[in-house]
Amino acid sequence: MSIVIEIPADVVASLKIPINEDPKKRLRIELALRLYEKGLASFGVARRIAGLSKGEFMELLIREKIPIHYDEEELKHDIKVAEELAKKL
């Protein structure tokens with residue numbers, strides 16, 4: 001399922017988005033940032049909404065001073081992945 005949000009052209013034109021920036025991309029990034037910041041989207045989901053790589057989205061969060069959410073479940077997952085990789089070495 002996908003959701004399409006229609007924003008009237010006059011509203012888009014009234015936004016203070018720099019002329020050389022793609023408004024569609026900028027709005028996707030803004031949506032992703034707010035959803036992540038409010039805990040409504042995980043890091044992975046938010047970066048996919050924004051259309052950015054992990055590193056790009058991480059840099060954006062840092063630049064926007066949005067704390068990176070990292071809970072116990074994510075830590076356990078990262079440890080498991082690290083252990084599996086270590087076994088392959």
# chains A, B, ... in the order shown; residues from 1 in each chain; ligands from 1

call {"tool": "residues_around", "arguments": {"residues": "stretch 43-59 of chain A", "least_positions_apart": "4", "cutoff": "12 Å", "atoms": "only C-alpha atoms", "output": "PyMOL selection string"}}
result
chain A and resi 2-3+24-39+63-71+74

call {"tool": "select_by_dssp", "arguments": {"residues": "chain A", "states": "helix (DSSP H, G or I)", "output": "PyMOL selection string"}}
result
chain A and resi 9-14+23-37+43-50+54-63+72-88
